$ cat final.pdb   # PDB, C-alpha atoms
ATOM      1  CA  MET A1251       0.000   0.000   0.000  1.00  0.00           C
ATOM      2  CA  LYS A1252       1.174   3.514  -0.810  1.00  0.00           C
ATOM      3  CA  ILE A1253       0.603   6.604   1.344  1.00  0.00           C
ATOM      4  CA  ILE A1254       1.112  10.328   0.833  1.00  0.00           C
ATOM      5  CA  ALA A1255       4.197  10.978   2.933  1.00  0.00           C
ATOM      6  CA  ALA A1256       4.001  14.744   2.638  1.00  0.00           C
ATOM      7  CA  LEU A1257       0.868  14.696   4.788  1.00  0.00           C
ATOM      8  CA  LEU A1258       3.007  13.754   7.770  1.00  0.00           C
ATOM      9  CA  LEU A1259       5.158  16.856   7.595  1.00  0.00           C
ATOM     10  CA  PRO A1260       2.782  19.405   9.193  1.00  0.00           C
ATOM     11  CA  VAL A1261       1.777  17.115  12.042  1.00  0.00           C
ATOM     12  CA  THR A1262       4.410  18.152  14.567  1.00  0.00           C
ATOM     13  CA  ASN A1263       3.867  21.884  14.040  1.00  0.00           C
ATOM     14  CA  ALA A1264       0.079  21.742  14.004  1.00  0.00           C
ATOM     15  CA  PHE A1265      -0.198  19.629  17.115  1.00  0.00           C
ATOM     16  CA  SER A1266       2.933  20.615  19.062  1.00  0.00           C
ATOM     17  CA  LEU A1267       1.110  22.154  22.024  1.00  0.00           C
ATOM     18  CA  GLN A1268      -1.351  19.296  22.247  1.00  0.00           C
ATOM     19  CA  LEU A1269       1.406  16.702  22.114  1.00  0.00           C
ATOM     20  CA  ALA A1270       3.607  18.552  24.585  1.00  0.00           C
ATOM     21  CA  ALA A1271       0.837  18.279  27.149  1.00  0.00           C
ATOM     22  CA  ALA A1272       0.237  14.604  26.401  1.00  0.00           C
ATOM     23  CA  GLY A1273       1.979  11.742  28.150  1.00  0.00           C
ATOM     24  CA  ARG A1274       4.712   9.866  26.298  1.00  0.00           C
ATOM     25  CA  SER A1275       2.472   6.827  25.886  1.00  0.00           C
ATOM     26  CA  SER A1276      -0.153   8.845  24.016  1.00  0.00           C
ATOM     27  CA  ILE A1277       2.133  10.855  21.740  1.00  0.00           C
ATOM     28  CA  ARG A1278       2.516   8.166  19.070  1.00  0.00           C
ATOM     29  CA  THR A1279      -1.263   7.623  18.988  1.00  0.00           C
ATOM     30  CA  ALA A1280      -1.864  11.344  18.589  1.00  0.00           C
ATOM     31  CA  LEU A1281       0.629  11.516  15.731  1.00  0.00           C
ATOM     32  CA  CYS A1282      -1.034   8.638  13.917  1.00  0.00           C
ATOM     33  CA  ASN A1283      -4.474  10.178  14.395  1.00  0.00           C
ATOM     34  CA  SER A1284      -3.183  13.510  13.121  1.00  0.00           C
ATOM     35  CA  TYR A1285      -1.812  11.798  10.044  1.00  0.00           C
ATOM     36  CA  LEU A1286      -5.141  10.069   9.380  1.00  0.00           C
ATOM     37  CA  ASP A1287      -7.003  13.366   9.755  1.00  0.00           C
ATOM     38  CA  ASN A1288      -4.698  14.957   7.188  1.00  0.00           C
ATOM     39  CA  LEU A1289      -5.054  11.967   4.882  1.00  0.00           C
ATOM     40  CA  SER A1290      -8.849  12.086   4.912  1.00  0.00           C
ATOM     41  CA  SER A1291      -9.011  15.811   4.094  1.00  0.00           C
ATOM     42  CA  ALA A1292      -6.123  16.061   1.634  1.00  0.00           C
ATOM     43  CA  SER A1293      -6.458  16.689  -2.061  1.00  0.00           C
ATOM     44  CA  THR A1294      -4.037  15.477  -4.703  1.00  0.00           C
ATOM     45  CA  SER A1295      -1.101  17.835  -5.135  1.00  0.00           C
ATOM     46  CA  SER A1296       1.996  17.876  -7.303  1.00  0.00           C
ATOM     47  CA  ASN A1297       3.991  18.608  -4.159  1.00  0.00           C
ATOM     48  CA  THR A1298       3.201  15.231  -2.567  1.00  0.00           C
ATOM     49  CA  PHE A1299       5.055  12.014  -3.182  1.00  0.00           C
ATOM     50  CA  ALA A1300       4.281   8.344  -2.680  1.00  0.00           C
ATOM     51  CA  ALA A1301       6.115   6.463   0.023  1.00  0.00           C
ATOM     52  CA  THR A1302       6.288   2.823   0.934  1.00  0.00           C
ATOM     53  CA  ASP A1303       4.962   1.545   4.249  1.00  0.00           C
ATOM     54  CA  GLU A1304       8.541   1.237   5.502  1.00  0.00           C
ATOM     55  CA  GLN A1305       9.314   4.857   4.621  1.00  0.00           C
ATOM     56  CA  ALA A1306       6.083   5.996   6.241  1.00  0.00           C
ATOM     57  CA  THR A1307       6.995   4.178   9.447  1.00  0.00           C
ATOM     58  CA  GLU A1308      10.392   5.864   9.486  1.00  0.00           C
ATOM     59  CA  ILE A1309       8.753   9.282   9.055  1.00  0.00           C
ATOM     60  CA  LEU A1310       6.282   8.609  11.871  1.00  0.00           C
ATOM     61  CA  ASP A1311       9.078   7.401  14.145  1.00  0.00           C
ATOM     62  CA  SER A1312      11.092  10.525  13.339  1.00  0.00           C
ATOM     63  CA  ALA A1313       8.124  12.782  14.050  1.00  0.00           C
ATOM     64  CA  PHE A1314       7.482  10.910  17.300  1.00  0.00           C
ATOM     65  CA  ARG A1315      11.027  11.315  18.566  1.00  0.00           C
ATOM     66  CA  ARG A1316      11.306  14.972  17.550  1.00  0.00           C
ATOM     67  CA  THR A1317       7.949  15.744  19.193  1.00  0.00           C
ATOM     68  CA  VAL A1318       9.095  14.096  22.407  1.00  0.00           C
ATOM     69  CA  SER A1319      12.162  16.327  22.223  1.00  0.00           C
ATOM     70  CA  SER A1320      10.100  19.498  21.879  1.00  0.00           C
ATOM     71  CA  ALA A1321       7.835  18.371  24.697  1.00  0.00           C
ATOM     72  CA  THR A1322      10.743  18.239  27.146  1.00  0.00           C
ATOM     73  CA  ASN A1323      10.590  22.021  27.495  1.00  0.00           C
ATOM     74  CA  SER A1324       6.947  21.902  28.555  1.00  0.00           C
ATOM     75  CA  PRO A1325       5.885  22.380  32.197  1.00  0.00           C
ATOM     76  CA  SER A1326       5.001  18.678  32.414  1.00  0.00           C
ATOM     77  CA  SER A1327       8.572  17.527  31.721  1.00  0.00           C
ATOM     78  CA  ARG A1328      11.003  16.796  34.521  1.00  0.00           C
ATOM     79  CA  SER A1329      12.811  19.991  35.471  1.00  0.00           C
ATOM     80  CA  ILE A1330      16.264  19.459  36.974  1.00  0.00           C
ATOM     81  CA  ASP A1331      18.885  21.554  38.771  1.00  0.00           C
ATOM     82  CA  LYS A1332      21.560  18.880  38.535  1.00  0.00           C
ATOM     83  CA  LEU A1333      21.910  15.432  37.029  1.00  0.00           C
ATOM     84  CA  SER A1334      21.285  12.529  39.363  1.00  0.00           C
ATOM     85  CA  LEU A1335      22.978   9.156  38.977  1.00  0.00           C
ATOM     86  CA  ASN A1336      19.748   7.628  37.685  1.00  0.00           C
ATOM     87  CA  GLU A1337      19.277  10.413  35.135  1.00  0.00           C
ATOM     88  CA  ALA A1338      22.872  10.099  33.956  1.00  0.00           C
ATOM     89  CA  ASP A1339      22.409   6.347  33.623  1.00  0.00           C
ATOM     90  CA  GLU A1340      19.240   6.924  31.601  1.00  0.00           C
ATOM     91  CA  LEU A1341      21.120   9.252  29.257  1.00  0.00           C
ATOM     92  CA  ALA A1342      23.965   6.754  28.802  1.00  0.00           C
ATOM     93  CA  ASN A1343      21.493   3.971  28.058  1.00  0.00           C
ATOM     94  CA  GLY A1344      19.783   6.246  25.539  1.00  0.00           C
ATOM     95  CA  VAL A1345      23.083   6.732  23.729  1.00  0.00           C
ATOM     96  CA  ILE A1346      23.655   2.980  23.506  1.00  0.00           C
ATOM     97  CA  LYS A1347      20.086   2.395  22.343  1.00  0.00           C
ATOM     98  CA  THR A1348      20.516   4.943  19.542  1.00  0.00           C
ATOM     99  CA  ILE A1349      23.845   3.402  18.516  1.00  0.00           C
ATOM    100  CA  LYS A1350      22.181  -0.002  18.143  1.00  0.00           C
ATOM    101  CA  ARG A1351      19.151   1.460  16.372  1.00  0.00           C
ATOM    102  CA  ASN A1352      21.386   2.961  13.696  1.00  0.00           C
ATOM    103  CA  ASP A1353      23.928   0.120  13.567  1.00  0.00           C
ATOM    104  CA  PHE A1354      26.786   2.521  14.345  1.00  0.00           C
ATOM    105  CA  PRO A1355      30.128   1.157  15.637  1.00  0.00           C
ATOM    106  CA  PRO A1356      30.323   0.424  19.388  1.00  0.00           C
ATOM    107  CA  ILE A1357      31.200   3.383  21.594  1.00  0.00           C
ATOM    108  CA  VAL A1358      32.107   4.575  25.041  1.00  0.00           C
ATOM    109  CA  VAL A1359      29.723   7.119  26.591  1.00  0.00           C
ATOM    110  CA  THR A1360      30.552   9.361  29.527  1.00  0.00           C
ATOM    111  CA  VAL A1361      28.020  11.529  31.373  1.00  0.00           C
ATOM    112  CA  VAL A1362      29.421  14.218  33.665  1.00  0.00           C
ATOM    113  CA  ASP A1363      27.876  16.658  36.117  1.00  0.00           C
ATOM    114  CA  ARG A1364      28.262  20.434  36.049  1.00  0.00           C
ATOM    115  CA  GLN A1365      31.695  20.173  37.718  1.00  0.00           C
ATOM    116  CA  ALA A1366      32.838  17.696  35.029  1.00  0.00           C
ATOM    117  CA  ASN A1367      32.867  14.798  37.496  1.00  0.00           C
ATOM    118  CA  ILE A1368      31.999  11.451  35.935  1.00  0.00           C
ATOM    119  CA  LEU A1369      28.554  10.215  36.918  1.00  0.00           C
ATOM    120  CA  VAL A1370      28.346   7.310  34.475  1.00  0.00           C
ATOM    121  CA  GLN A1371      30.730   5.834  31.939  1.00  0.00           C
ATOM    122  CA  LYS A1372      29.737   2.826  29.835  1.00  0.00           C
ATOM    123  CA  ARG A1373      31.788   0.856  27.347  1.00  0.00           C
ATOM    124  CA  MET A1374      29.954  -1.215  24.757  1.00  0.00           C
ATOM    125  CA  ASP A1375      31.200  -4.686  23.851  1.00  0.00           C
ATOM    126  CA  ASP A1376      33.857  -4.813  21.110  1.00  0.00           C
ATOM    127  CA  VAL A1377      35.059  -1.216  21.495  1.00  0.00           C
ATOM    128  CA  CYS A1378      38.431  -1.555  19.810  1.00  0.00           C
ATOM    129  CA  HIS A1379      40.427   1.463  20.986  1.00  0.00           C
ATOM    130  CA  ALA A1380      41.796   1.734  24.520  1.00  0.00           C
ATOM    131  CA  ALA A1381      41.695   5.546  24.347  1.00  0.00           C
ATOM    132  CA  PHE A1382      37.959   5.847  23.663  1.00  0.00           C
ATOM    133  CA  PRO A1383      37.057   6.187  27.379  1.00  0.00           C
ATOM    134  CA  GLU A1384      39.507   9.083  27.663  1.00  0.00           C
ATOM    135  CA  PHE A1385      38.233  10.632  24.431  1.00  0.00           C
ATOM    136  CA  SER A1386      34.602  10.441  25.537  1.00  0.00           C
ATOM    137  CA  TYR A1387      35.435  12.052  28.877  1.00  0.00           C
ATOM    138  CA  ALA A1388      37.529  14.760  27.193  1.00  0.00           C
ATOM    139  CA  LYS A1389      34.585  15.699  24.975  1.00  0.00           C
ATOM    140  CA  ALA A1390      32.216  15.972  27.953  1.00  0.00           C
ATOM    141  CA  TYR A1391      34.838  17.852  30.010  1.00  0.00           C
ATOM    142  CA  THR A1392      35.311  20.362  27.186  1.00  0.00           C
ATOM    143  CA  CYS A1393      31.579  21.077  27.082  1.00  0.00           C
ATOM    144  CA  VAL A1394      31.282  21.844  30.780  1.00  0.00           C
ATOM    145  CA  THR A1395      34.472  23.879  31.110  1.00  0.00           C
ATOM    146  CA  MET A1396      33.990  25.925  27.916  1.00  0.00           C
ATOM    147  CA  GLY A1397      30.188  26.231  28.006  1.00  0.00           C
ATOM    148  CA  VAL A1398      29.763  24.985  24.433  1.00  0.00           C
ATOM    149  CA  SER A1399      29.708  21.675  22.573  1.00  0.00           C
ATOM    150  CA  SER A1400      33.052  20.139  21.645  1.00  0.00           C
ATOM    151  CA  ARG A1401      32.242  20.869  17.991  1.00  0.00           C
ATOM    152  CA  GLU A1402      31.580  24.528  18.762  1.00  0.00           C
ATOM    153  CA  PHE A1403      34.810  24.721  20.768  1.00  0.00           C
ATOM    154  CA  ARG A1404      36.731  23.538  17.701  1.00  0.00           C
ATOM    155  CA  ASP A1405      34.884  25.799  15.290  1.00  0.00           C
ATOM    156  CA  LYS A1406      35.402  28.868  17.482  1.00  0.00           C
ATOM    157  CA  TYR A1407      39.159  28.655  16.983  1.00  0.00           C
ATOM    158  CA  THR A1408      39.445  27.080  13.527  1.00  0.00           C
ATOM    159  CA  ALA A1409      36.628  28.579  11.425  1.00  0.00           C
ATOM    160  CA  THR A1410      38.746  31.461  10.099  1.00  0.00           C
ATOM    161  CA  ASP A1411      42.004  29.498   9.695  1.00  0.00           C
ATOM    162  CA  ASP A1412      43.699  32.038  11.948  1.00  0.00           C
ATOM    163  CA  ASN A1413      46.984  30.471  13.044  1.00  0.00           C
ATOM    164  CA  ALA A1414      47.028  32.497  16.254  1.00  0.00           C
ATOM    165  CA  LYS A1415      43.600  31.192  17.282  1.00  0.00           C
ATOM    166  CA  ILE A1416      44.501  27.630  16.351  1.00  0.00           C
ATOM    167  CA  SER A1417      47.663  27.936  18.420  1.00  0.00           C
ATOM    168  CA  GLN A1418      45.609  29.258  21.332  1.00  0.00           C
ATOM    169  CA  MET A1419      43.256  26.275  21.093  1.00  0.00           C
ATOM    170  CA  ASN A1420      46.147  23.815  20.986  1.00  0.00           C
ATOM    171  CA  SER A1421      47.746  25.503  23.994  1.00  0.00           C
ATOM    172  CA  MET A1422      44.513  25.264  25.987  1.00  0.00           C
ATOM    173  CA  MET A1423      44.243  21.551  25.233  1.00  0.00           C
ATOM    174  CA  ALA A1424      47.902  20.956  26.098  1.00  0.00           C
ATOM    175  CA  ILE A1425      47.664  22.818  29.391  1.00  0.00           C
ATOM    176  CA  SER A1426      44.476  21.123  30.562  1.00  0.00           C
ATOM    177  CA  GLY A1427      45.329  17.723  29.162  1.00  0.00           C
ATOM    178  CA  LYS A1428      41.613  16.893  29.216  1.00  0.00           C
ATOM    179  CA  MET A1429      40.042  18.786  26.302  1.00  0.00           C
ATOM    180  CA  ALA A1430      38.943  17.596  22.869  1.00  0.00           C
ATOM    181  CA  ALA A1431      38.342  19.728  19.787  1.00  0.00           C
ATOM    182  CA  PHE A1432      36.147  17.404  17.746  1.00  0.00           C
ATOM    183  CA  PRO A1433      32.437  16.488  17.645  1.00  0.00           C
ATOM    184  CA  GLY A1434      30.862  14.099  20.105  1.00  0.00           C
ATOM    185  CA  GLY A1435      30.480  16.262  23.198  1.00  0.00           C
ATOM    186  CA  VAL A1436      27.030  17.702  23.928  1.00  0.00           C
ATOM    187  CA  LEU A1437      26.429  20.348  26.577  1.00  0.00           C
ATOM    188  CA  LEU A1438      23.292  20.044  28.717  1.00  0.00           C
ATOM    189  CA  ARG A1439      21.445  23.039  30.194  1.00  0.00           C
ATOM    190  CA  ASN A1440      18.190  23.098  32.150  1.00  0.00           C
ATOM    191  CA  GLY A1441      15.123  25.226  31.484  1.00  0.00           C
ATOM    192  CA  GLU A1442      16.786  28.187  33.210  1.00  0.00           C
ATOM    193  CA  ASN A1443      19.762  27.859  30.845  1.00  0.00           C
ATOM    194  CA  LYS A1444      22.078  26.704  33.643  1.00  0.00           C
ATOM    195  CA  ILE A1445      24.669  24.051  32.851  1.00  0.00           C
ATOM    196  CA  VAL A1446      23.789  20.744  34.497  1.00  0.00           C
ATOM    197  CA  GLY A1447      26.276  18.451  32.755  1.00  0.00           C
ATOM    198  CA  ALA A1448      27.376  16.993  29.438  1.00  0.00           C
ATOM    199  CA  ILE A1449      27.496  13.800  27.406  1.00  0.00           C
ATOM    200  CA  GLY A1450      30.663  12.677  25.643  1.00  0.00           C
ATOM    201  CA  VAL A1451      30.684   9.850  23.110  1.00  0.00           C
ATOM    202  CA  SER A1452      33.603   8.280  21.265  1.00  0.00           C
ATOM    203  CA  GLY A1453      33.936   5.258  18.987  1.00  0.00           C
ATOM    204  CA  ALA A1454      31.863   6.056  15.903  1.00  0.00           C
ATOM    205  CA  ALA A1455      32.416   8.924  13.458  1.00  0.00           C
ATOM    206  CA  GLY A1456      32.381  12.338  15.138  1.00  0.00           C
ATOM    207  CA  ASP A1457      29.011  13.341  13.660  1.00  0.00           C
ATOM    208  CA  GLU A1458      27.564   9.980  14.747  1.00  0.00           C
ATOM    209  CA  ASP A1459      28.954  10.379  18.270  1.00  0.00           C
ATOM    210  CA  GLU A1460      27.298  13.788  18.493  1.00  0.00           C
ATOM    211  CA  TYR A1461      24.008  12.558  17.012  1.00  0.00           C
ATOM    212  CA  VAL A1462      23.538   9.735  19.526  1.00  0.00           C
ATOM    213  CA  ALA A1463      24.336  12.044  22.444  1.00  0.00           C
ATOM    214  CA  LEU A1464      21.808  14.603  21.216  1.00  0.00           C
ATOM    215  CA  THR A1465      19.141  11.971  20.612  1.00  0.00           C
ATOM    216  CA  ALA A1466      19.606  10.506  24.086  1.00  0.00           C
ATOM    217  CA  ALA A1467      19.022  13.939  25.613  1.00  0.00           C
ATOM    218  CA  TRP A1468      16.044  14.699  23.354  1.00  0.00           C
ATOM    219  CA  GLU A1469      14.324  11.398  24.130  1.00  0.00           C
ATOM    220  CA  SER A1470      15.100  11.330  27.857  1.00  0.00           C
ATOM    221  CA  GLY A1471      11.979  13.191  29.003  1.00  0.00           C
ATOM    222  CA  LEU A1472      14.206  15.553  30.995  1.00  0.00           C
ATOM    223  CA  SER A1473      13.870  19.308  30.573  1.00  0.00           C
ATOM    224  CA  LEU A1474      17.229  19.713  28.853  1.00  0.00           C
ATOM    225  CA  ARG A1475      18.505  22.168  26.294  1.00  0.00           C
ATOM    226  CA  THR A1476      21.341  20.868  24.164  1.00  0.00           C
ATOM    227  CA  MET A1477      24.312  22.492  22.503  1.00  0.00           C
ATOM    228  CA  PRO A1478      24.369  22.024  19.594  1.00  0.00           C
ATOM    229  CA  GLU A1479      20.627  22.294  19.076  1.00  0.00           C
ATOM    230  CA  GLU A1480      20.623  20.187  15.878  1.00  0.00           C
ATOM    231  CA  HIS A1481      22.690  17.282  14.620  1.00  0.00           C
ATOM    232  CA  SER A1482      24.946  17.239  11.546  1.00  0.00           C
ATOM    233  CA  CYS A1483      24.936  13.488  10.924  1.00  0.00           C
ATOM    234  CA  THR A1484      24.345  12.290   7.342  1.00  0.00           C
ATOM    235  CA  THR A1485      24.553   8.550   8.101  1.00  0.00           C
ATOM    236  CA  VAL A1486      21.438   8.229  10.276  1.00  0.00           C
ATOM    237  CA  ARG A1487      19.534   5.063   9.436  1.00  0.00           C
ATOM    238  CA  SER A1488      16.657   5.477  11.885  1.00  0.00           C
ATOM    239  CA  LEU A1489      15.733   9.114  12.443  1.00  0.00           C
TER     240      LEU A1489
END
$ encode --input "final.pdb" --output "structure tokens"
Amino acid sequence: MKIIAALLLPVTNAFSLQLAAAGRSSIRTALCNSYLDNLSSASTSSNTFAATDEQATEILDSAFRRTVSSATNSPSSRSIDKLSLNEADELANGVIKTIKRNDFPPIVVTVVDRQANILVQKRMDDVCHAAFPEFSYAKAYTCVTMGVSSREFRDKYTATDDNAKISQMNSMMAISGKMAAFPGGVLLRNGENKIVGAIGVSGAAGDEDEYVALTAAWESGLSLRTMPEEHSCTTVRSL
């Protein structure tokens, strides 16, 4: 059976407030109902395209996860002042779940608090590089100490190819011995924009490391704001 995939696109925007107020268990149902409502009232348009059932499922799953992410800033989400051990463990498990969902290489994930102390560090089976735990911590440490993602830390000093700025960045990393200037570290802020911690991931490609950390935060149900706000991964298999 074919469906009109373009009908799914306005669902999140049109029903964002309704879904934000809904419980997680009812969000998927609301999305499906919204799609059916659009399907029943839609007219044929040259801007629509046919999609297979598998593609439609992927689009619904993507809309579901992104809507859950937007709902975390609603009053009904769990507001936090600092990360607890259980919350850090939930974030780490979310990273591993997203890695498996996308069939990315195994990773090490480190979740730190706002003082860059390790709350949780998990190493997946078959991680091949002994330095990955250190890399994942360095990414998270960079986020908390610099107040940006590890990608943004790199870009701040390298975007203009200014040798002086690059030298400054290298000096900072050499002095601290704990910083990393590559993607995979995601800064976490609460609803009041205060830093509560960070997630560092190492083992896959840098963009993939960053993507799984972001997705874990977005899907956690915690009221968290992430830096960066969007992912840059082009190898996502399950949005």
$ closest_residue --input "final.pdb" --among "A:Asp1412, A:Glu1442, A:Glu1402, A:Glu1469" --to "Ala1430 in chain A" --atoms "only C-alpha atoms"
A:Glu1402
$ closest_atom_pairs --input "final.pdb" --of "range 1353-1382 of chain A" --to "range 1484-1489 of chain A" --cutoff "12 Å" --atoms "only C-alpha atoms" --output "tab-separated table"
residue	atom	partner	partner_atom	distance
A:Asp1353	CA	A:Arg1487	CA	7.8
A:Phe1354	CA	A:Val1486	CA	8.8
A:Pro1355	CA	A:Thr1485	CA	11.9
$ resolve_selection --input "final.pdb" --expression "the PyMOL selection byres ((chain A and resi 1463) around 7)" --output "list in words"
Val1345, Val1436, Ile1449, Val1451, Asp1459, Glu1460, Tyr1461, Val1462, Leu1464, Thr1465, Ala1466 and Ala1467 of chain A
$ residues_around --input "final.pdb" --residues "range 1369-1385 of chain A" --least-positions-apart "5" --cutoff "7 Å" --atoms "all atoms listed in the file" --output "ChimeraX atom specification"
/A:1335,1338-1339,1356-1363,1452-1453
$ residues_around --input "final.pdb" --residues "Gly1427 in chain A" --least-positions-apart "4" --cutoff "12 Å" --atoms "all atoms listed in the file" --output "PyMOL selection string"
chain A and resi 1384-1385+1387-1389+1391-1392+1419-1423+1431
$ closest_residue --input "final.pdb" --among "A:Ser1482, A:Thr1395, A:Ser1473, A:Asn1413" --to "Gly1434 in chain A" --atoms "only C-alpha atoms"
A:Ser1482
$ axis_aligned_box --input "final.pdb" --around "range 1358-1370 of chain A" --padding-each-side "8 Å" --output "lines of an AutoDock Vina configuration file"
center_x = 30.4
center_y = 12.5
center_z = 31.4
size_x = 21.0
size_y = 31.9
size_z = 28.7
$ atom_distance --input "final.pdb" --atom1 "CA of Lys1428 in chain A" --atom2 "CA of Trp1468 in chain A"
26.3 Å
$ resolve_selection --input "final.pdb" --expression "the PyMOL selection byres ((chain A and resi 1330) around 10)" --output "compact mmCIF listing (two decimals) with C-alpha atoms, in the coordinates of the input"
# COMPACT_ATOMS: atom_id res chain seq x y z
CA SER A 1327 8.57 17.53 31.72
CA ARG A 1328 11.00 16.80 34.52
CA SER A 1329 12.81 19.99 35.47
CA ASP A 1331 18.89 21.55 38.77
CA LYS A 1332 21.56 18.88 38.53
CA LEU A 1333 21.91 15.43 37.03
CA SER A 1334 21.28 12.53 39.36
CA GLU A 1337 19.28 10.41 35.14
CA ARG A 1439 21.44 23.04 30.19
CA ASN A 1440 18.19 23.10 32.15
CA GLY A 1441 15.12 25.23 31.48
CA GLU A 1442 16.79 28.19 33.21
CA LYS A 1444 22.08 26.70 33.64
CA VAL A 1446 23.79 20.74 34.50
CA LEU A 1472 14.21 15.55 31.00
CA SER A 1473 13.87 19.31 30.57
CA LEU A 1474 17.23 19.71 28.85
$ atom_distance --input "final.pdb" --atom1 "CA of Ser1399 in chain A" --atom2 "CA of Asn1443 in chain A"
14.3 Å
$ build_atoms --input "final.pdb" --residues "range 1340-1351 of chain A" --atoms "N, CA, C and O atoms" --output "PDB file, keeping the file's coordinate frame"
ATOM      1  N   GLU A1340      20.266   6.918  32.641  1.00  0.00           N
ATOM      2  CA  GLU A1340      19.240   6.924  31.601  1.00  0.00           C
ATOM      3  C   GLU A1340      19.776   7.541  30.312  1.00  0.00           C
ATOM      4  O   GLU A1340      19.521   7.036  29.213  1.00  0.00           O
ATOM      5  N   LEU A1341      20.539   8.613  30.429  1.00  0.00           N
ATOM      6  CA  LEU A1341      21.120   9.252  29.257  1.00  0.00           C
ATOM      7  C   LEU A1341      22.130   8.328  28.581  1.00  0.00           C
ATOM      8  O   LEU A1341      22.146   8.202  27.346  1.00  0.00           O
ATOM      9  N   ALA A1342      22.974   7.676  29.364  1.00  0.00           N
ATOM     10  CA  ALA A1342      23.965   6.754  28.802  1.00  0.00           C
ATOM     11  C   ALA A1342      23.277   5.596  28.091  1.00  0.00           C
ATOM     12  O   ALA A1342      23.688   5.189  26.989  1.00  0.00           O
ATOM     13  N   ASN A1343      22.234   5.060  28.701  1.00  0.00           N
ATOM     14  CA  ASN A1343      21.493   3.971  28.058  1.00  0.00           C
ATOM     15  C   ASN A1343      20.831   4.434  26.767  1.00  0.00           C
ATOM     16  O   ASN A1343      20.728   3.680  25.797  1.00  0.00           O
ATOM     17  N   GLY A1344      20.373   5.703  26.754  1.00  0.00           N
ATOM     18  CA  GLY A1344      19.783   6.246  25.539  1.00  0.00           C
ATOM     19  C   GLY A1344      20.782   6.340  24.405  1.00  0.00           C
ATOM     20  O   GLY A1344      20.448   6.113  23.231  1.00  0.00           O
ATOM     21  N   VAL A1345      22.025   6.685  24.738  1.00  0.00           N
ATOM     22  CA  VAL A1345      23.083   6.732  23.729  1.00  0.00           C
ATOM     23  C   VAL A1345      23.295   5.342  23.125  1.00  0.00           C
ATOM     24  O   VAL A1345      23.345   5.171  21.901  1.00  0.00           O
ATOM     25  N   ILE A1346      23.417   4.344  23.981  1.00  0.00           N
ATOM     26  CA  ILE A1346      23.655   2.980  23.506  1.00  0.00           C
ATOM     27  C   ILE A1346      22.490   2.477  22.673  1.00  0.00           C
ATOM     28  O   ILE A1346      22.674   1.838  21.626  1.00  0.00           O
ATOM     29  N   LYS A1347      21.277   2.794  23.102  1.00  0.00           N
ATOM     30  CA  LYS A1347      20.086   2.395  22.343  1.00  0.00           C
ATOM     31  C   LYS A1347      20.105   3.004  20.950  1.00  0.00           C
ATOM     32  O   LYS A1347      19.784   2.331  19.957  1.00  0.00           O
ATOM     33  N   THR A1348      20.487   4.270  20.836  1.00  0.00           N
ATOM     34  CA  THR A1348      20.516   4.943  19.542  1.00  0.00           C
ATOM     35  C   THR A1348      21.631   4.397  18.658  1.00  0.00           C
ATOM     36  O   THR A1348      21.474   4.286  17.438  1.00  0.00           O
ATOM     37  N   ILE A1349      22.763   4.049  19.262  1.00  0.00           N
ATOM     38  CA  ILE A1349      23.845   3.402  18.516  1.00  0.00           C
ATOM     39  C   ILE A1349      23.344   2.109  17.877  1.00  0.00           C
ATOM     40  O   ILE A1349      23.549   1.859  16.673  1.00  0.00           O
ATOM     41  N   LYS A1350      22.684   1.279  18.656  1.00  0.00           N
ATOM     42  CA  LYS A1350      22.181  -0.002  18.143  1.00  0.00           C
ATOM     43  C   LYS A1350      21.102   0.200  17.091  1.00  0.00           C
ATOM     44  O   LYS A1350      21.042  -0.530  16.095  1.00  0.00           O
ATOM     45  N   ARG A1351      20.250   1.199  17.304  1.00  0.00           N
ATOM     46  CA  ARG A1351      19.151   1.460  16.372  1.00  0.00           C
ATOM     47  C   ARG A1351      19.667   1.845  14.995  1.00  0.00           C
ATOM     48  O   ARG A1351      19.034   1.577  13.983  1.00  0.00           O
TER      49      ARG A1351
END
